[in-house]
Amino acid sequence: MASGLPLRHPAQGFNASQQLIKSDHGSMLTMSDDNVMMKQIVGTHAPDGREVDVKPLLLLVEDILKRATLQIDSSLTTSQAHAEMEDKTYHVNFVSMLDALSYTIDRISSEIAYKALGGTDAHATTVSLFNMLTSYSWDAKLVLTLAAFALNYGEFWLLAQISSSNQLAKSMAILRQLPSIIEQSGPLKPRFDAINNLIKVMMDVARCVVEFKDLPPAYISNEVPALSTAMAHIPTAVYWTMRSVVACAAQITSLTTMGHEFSISTTDAWELSTLAHKLSNILDHLRKQLDTCYQYIDEKRNVESFQMLKSLFEKIHIDNMKVLKALIYAKDDIQPLIDGSSKKRVHLDVLRRKNVLLLISGLDMSSDELSILEQIYNESRHHGARLDSQYEVVWVPIVDRSVQWSDPMKEKFESMQSSMPWFTVYHPSLIEKAVMRFIKEVWHFRNKPILVVLDPQGKVVCPNALHMMWIWGSSAFPFTSLREESLWKDETWRLELLVDGIDPVILNWIKEGKYIFLYGGDDDEWVRKFTNTARAVAQAARIPLEMVYVGKSSKREKIQRVIATITVEKLSYVWQDLTMIWFFWTRLESMLYSKIQSGKLDDHDPMMQEIKKLLSYGREGGWAVLSNGSNVVVNGHRTTVLQTLLEYDLWKEQVPVKGFDLAFRDHQGRIHDIARPCCRFDFPMTTGRIPETMKCPECNQTMEKFSTFLCCHDEVIPDELFK
């Protein structure tokens, strides 16, 4: 259906140009049935199957149209697009393709110019172009039309730009009335702005249409709703873009044929703006569908990459390079690591055939964790060249892609990276989505740091050696699950297990065979009563007793107050460094997690029962562990231990007979049997592996399971306050 008002057809002149503008105005406002019009356009479409790579041609058109402006923007001439254009447009294949298309481009250019001079209805001109391009695909129709427009438009501005310095150009410019146009550039500026704005939208639509054509068919098909919706709208987008080409050509033709006379029009810029607005709406719709298509393709690729990763770890390799490249960065175009010692960028080859410990964490890894890990790492380096070459640590930062990368995140990342003495991934963006999914689903990463161990062939030999590292340090090398099992077989329930590697003072007390109370909690009144009573009992029993306060696994602010009380009143020895307290409880928790991870949480293992008791007491309140040298005598809740001390007169006669340790244990056991305290274990959801069931270490019954929401405000105080 032809649109627009009836037209007179003068050969040329002001009336013809004005009538064309009015025709466009009428067609946009009176077109009541776009479906009928688009059926007419689609009816001209009969592609013969030829494939035309229009991207190089589109780049060439873009280059021409960007340069063909009244005010040349010098920055455009150095853009990446132009560099790419030079590479592609002068390629042999492109030159041959251009030879084949030049006749069609010339025909379209002539058709547009002729119809513009004759004042033909814009819709009719556009239909005639579709009839000429019937055998081409939609993207090719559009780009060929834009190329034809660029041919005329580029020539117009080329003459305008060089006429002052080239006599031939000057003479041709006079013939085309360009001097008068340039002289009237002020009054004509709104029209030029409208033309430039419309051209920009036309090019944006063209790029979008070409992007749809380039979507990989291996990952998306027309069955995907976003693509099928877009493909249904592309004919409309192509039509209105070609219609806009006709409108722009009419403006330029009118300028060159009427010169200053045409500048009295007040509706032309508005008409071009209306077309630009319509195209912008079409573009917005297409871009939304394109974004959805890209998301769909990304998901498909991520699934494919995820499956490839899983398959990769099931195979045997001669070294670890394939695995590390798949996890960190696959290409060789950049150096993806930072060497922590030199702070220089390096390639993955530095890790070839080495045991690699992947430290995987977010940007919220605590300063305590980093401090202790760095201490263990540096100690291992001081053990000589043998250990130095045995393993390398690589920090793999995991950052949620849905959260926009911000300056505070950048500063936090760079601060953490600069403090690490081991290798680090250069930037979190190098870690692909599929890799993050693999780390979360297969390696059970839940925001709490994990340390995945790969052997020199890239095989996972321990899903998380962090527990091992906290408990035994570098002596756990090569950090395999077999080594972990072996270390547990050699362990016994003794005081060294709890404090080894934390405080040499306590180790000296053990060597001296002293009685030692390890105690904790956040109730300063209980602490005062417990320490004073314990000291009085020790004096009465004439035993050498030392006491050390090791705090609590949480509530740092309260712990600081208790430490201050103990120090001022000289109640006992105390760990002033909160990092030592954190490490004590982290090691204790790691013992439990280590057993959970290995699937060997034996409810009949006496050592693990004692560890579970201590963790539970630490959550519930005060507690104390009494040892005689290395041997642990009692591991008790605050109520039973304090009561045992207060009732010393009831069992003091047993001390000369049984010894202080056995007499204390027997009486505490009787109190414990009467009033068993509740047991409780808290597993954060960020913990990778959480047991389905647990037995109570006190009564051996299956414990109840709860979901808890917890907010301990003093735990979010910045680490700097504790230094």
# chains A, B, ... in the order shown; residues from 1 in each chain; ligands from 1
>>> select_by_dssp(residues="range 417-588 of chain A", states="helix (DSSP H, G or I)", output="ChimeraX atom specification")
/A:417-419,428-430,433-441,466-476,481-490,495-499,504-511,524-541,556-569,578-588
>>> residues_around(residues="range 302-305 of chain A", least_positions_apart="3", cutoff="9 Å", atoms="only C-alpha atoms", output="mmCIF file with C-alpha atoms, in the first residue's frame")
data_model
loop_
_atom_site.group_PDB
_atom_site.id
_atom_site.type_symbol
_atom_site.label_atom_id
_atom_site.label_comp_id
_atom_site.auth_asym_id
_atom_site.auth_seq_id
_atom_site.Cartn_x
_atom_site.Cartn_y
_atom_site.Cartn_z
ATOM 1 C CA ILE A 297 24.338 -17.805 24.190
ATOM 2 C CA ASP A 298 26.482 -17.086 27.250
ATOM 3 C CA GLU A 299 24.480 -19.591 29.273
ATOM 4 C CA MET A 308 34.395 -29.501 29.442
ATOM 5 C CA LEU A 309 35.940 -28.573 32.797
ATOM 6 C CA LYS A 310 34.361 -31.559 34.506
ATOM 7 C CA ALA A 326 41.131 -23.891 31.700
ATOM 8 C CA GLU A 432 35.182 -17.135 33.535
ATOM 9 C CA LYS A 433 31.596 -17.728 34.673
ATOM 10 C CA ALA A 434 31.843 -21.450 33.908
ATOM 11 C CA VAL A 435 34.937 -21.691 36.112
ATOM 12 C CA ARG A 437 30.218 -22.334 38.595
#
>>> closest_atom_pairs(of="range 442-485 of chain A", to="range 499-506 of chain A", cutoff="12 Å", atoms="only C-alpha atoms", output="JSON lines")
{"residue": "A:Met469", "atom": "CA", "partner": "A:Gly501", "partner_atom": "CA", "distance": 11.3}
{"residue": "A:Trp470", "atom": "CA", "partner": "A:Gly501", "partner_atom": "CA", "distance": 9.4}
{"residue": "A:Ile471", "atom": "CA", "partner": "A:Asp500", "partner_atom": "CA", "distance": 8.3}
{"residue": "A:Trp472", "atom": "CA", "partner": "A:Gly501", "partner_atom": "CA", "distance": 8.3}
{"residue": "A:Gly473", "atom": "CA", "partner": "A:Gly501", "partner_atom": "CA", "distance": 8.3}
{"residue": "A:Ser474", "atom": "CA", "partner": "A:Gly501", "partner_atom": "CA", "distance": 11.2}
{"residue": "A:Ser475", "atom": "CA", "partner": "A:Gly501", "partner_atom": "CA", "distance": 11.4}
>>> write_last_selection(atoms="all heavy atoms", output="mmCIF file, in the first residue's frame")
data_model
loop_
_atom_site.group_PDB
_atom_site.id
_atom_site.type_symbol
_atom_site.label_atom_id
_atom_site.label_comp_id
_atom_site.auth_asym_id
_atom_site.auth_seq_id
_atom_site.Cartn_x
_atom_site.Cartn_y
_atom_site.Cartn_z
ATOM 1 N N MET A 469 46.185 -27.212 56.531
ATOM 2 C CA MET A 469 47.177 -26.145 56.692
ATOM 3 C C MET A 469 47.058 -25.507 58.070
ATOM 4 O O MET A 469 48.059 -25.261 58.747
ATOM 5 C CB MET A 469 46.987 -25.098 55.600
ATOM 6 C CG MET A 469 48.027 -24.007 55.574
ATOM 7 S SD MET A 469 49.567 -24.501 54.819
ATOM 8 C CE MET A 469 49.219 -24.212 53.079
ATOM 9 N N TRP A 470 45.833 -25.246 58.520
ATOM 10 C CA TRP A 470 45.642 -24.643 59.839
ATOM 11 C C TRP A 470 46.118 -25.577 60.943
ATOM 12 O O TRP A 470 46.693 -25.122 61.940
ATOM 13 C CB TRP A 470 44.171 -24.306 60.075
ATOM 14 C CG TRP A 470 43.533 -23.244 59.225
ATOM 15 C CD1 TRP A 470 42.219 -23.201 58.851
ATOM 16 C CD2 TRP A 470 44.127 -22.066 58.665
ATOM 17 N NE1 TRP A 470 41.964 -22.084 58.088
ATOM 18 C CE2 TRP A 470 43.127 -21.365 57.956
ATOM 19 C CE3 TRP A 470 45.413 -21.540 58.664
ATOM 20 C CZ2 TRP A 470 43.363 -20.174 57.283
ATOM 21 C CZ3 TRP A 470 45.656 -20.350 57.986
ATOM 22 C CH2 TRP A 470 44.643 -19.679 57.314
ATOM 23 N N ILE A 471 45.858 -26.870 60.802
ATOM 24 C CA ILE A 471 46.177 -27.822 61.887
ATOM 25 C C ILE A 471 47.666 -28.138 61.945
ATOM 26 O O ILE A 471 48.288 -28.078 63.006
ATOM 27 C CB ILE A 471 45.374 -29.129 61.718
ATOM 28 C CG1 ILE A 471 43.864 -28.840 61.712
ATOM 29 C CG2 ILE A 471 45.698 -30.108 62.850
ATOM 30 C CD1 ILE A 471 43.010 -30.015 61.252
ATOM 31 N N TRP A 472 48.252 -28.481 60.774
ATOM 32 C CA TRP A 472 49.631 -28.984 60.771
ATOM 33 C C TRP A 472 50.626 -28.102 60.016
ATOM 34 O O TRP A 472 51.814 -28.424 59.981
ATOM 35 C CB TRP A 472 49.668 -30.395 60.179
ATOM 36 C CG TRP A 472 48.920 -31.392 60.998
ATOM 37 C CD1 TRP A 472 49.263 -31.893 62.220
ATOM 38 C CD2 TRP A 472 47.676 -32.022 60.662
ATOM 39 N NE1 TRP A 472 48.323 -32.787 62.670
ATOM 40 C CE2 TRP A 472 47.335 -32.892 61.730
ATOM 41 C CE3 TRP A 472 46.819 -31.952 59.562
ATOM 42 C CZ2 TRP A 472 46.185 -33.667 61.720
ATOM 43 C CZ3 TRP A 472 45.669 -32.717 59.558
ATOM 44 C CH2 TRP A 472 45.357 -33.563 60.623
ATOM 45 N N GLY A 473 50.168 -27.021 59.383
ATOM 46 C CA GLY A 473 51.077 -26.156 58.651
ATOM 47 C C GLY A 473 51.706 -26.874 57.470
ATOM 48 O O GLY A 473 51.119 -27.792 56.888
ATOM 49 N N SER A 474 52.938 -26.483 57.123
ATOM 50 C CA SER A 474 53.604 -27.051 55.951
ATOM 51 C C SER A 474 54.032 -28.499 56.150
ATOM 52 O O SER A 474 54.390 -29.175 55.189
ATOM 53 C CB SER A 474 54.833 -26.205 55.582
ATOM 54 O OG SER A 474 54.428 -24.970 55.041
ATOM 55 N N SER A 475 54.002 -28.970 57.380
ATOM 56 C CA SER A 475 54.349 -30.378 57.609
ATOM 57 C C SER A 475 53.308 -31.312 57.004
ATOM 58 O O SER A 475 53.531 -32.520 56.919
ATOM 59 C CB SER A 475 54.496 -30.656 59.107
ATOM 60 O OG SER A 475 53.280 -30.393 59.777
#
>>> closest_residue(among="A:Val246, A:Ile439, A:Ile338, A:Val356", to="Ser419 in chain A", atoms="only C-alpha atoms")
A:Ile338
>>> residues_around(residues="range 583-599 of chain A", least_positions_apart="2", cutoff="9 Å", atoms="only C-alpha atoms", output="MDAnalysis selection string")
chainID A and resid 368:369 372 463:471 481 484:485 498:499 502 550:553 578:581 601:602 608 611:612 614:615 618 689:691
>>> atom_distance(atom1="CA of His123 in chain A", atom2="CA of Ile252 in chain A")
17.8 Å
>>> residues_around(residues="Asp455 in chain A", least_positions_apart="3", cutoff="9 Å", atoms="only C-alpha atoms", output="ChimeraX atom specification")
/A:319-320,353-357,391,458-461,478,480
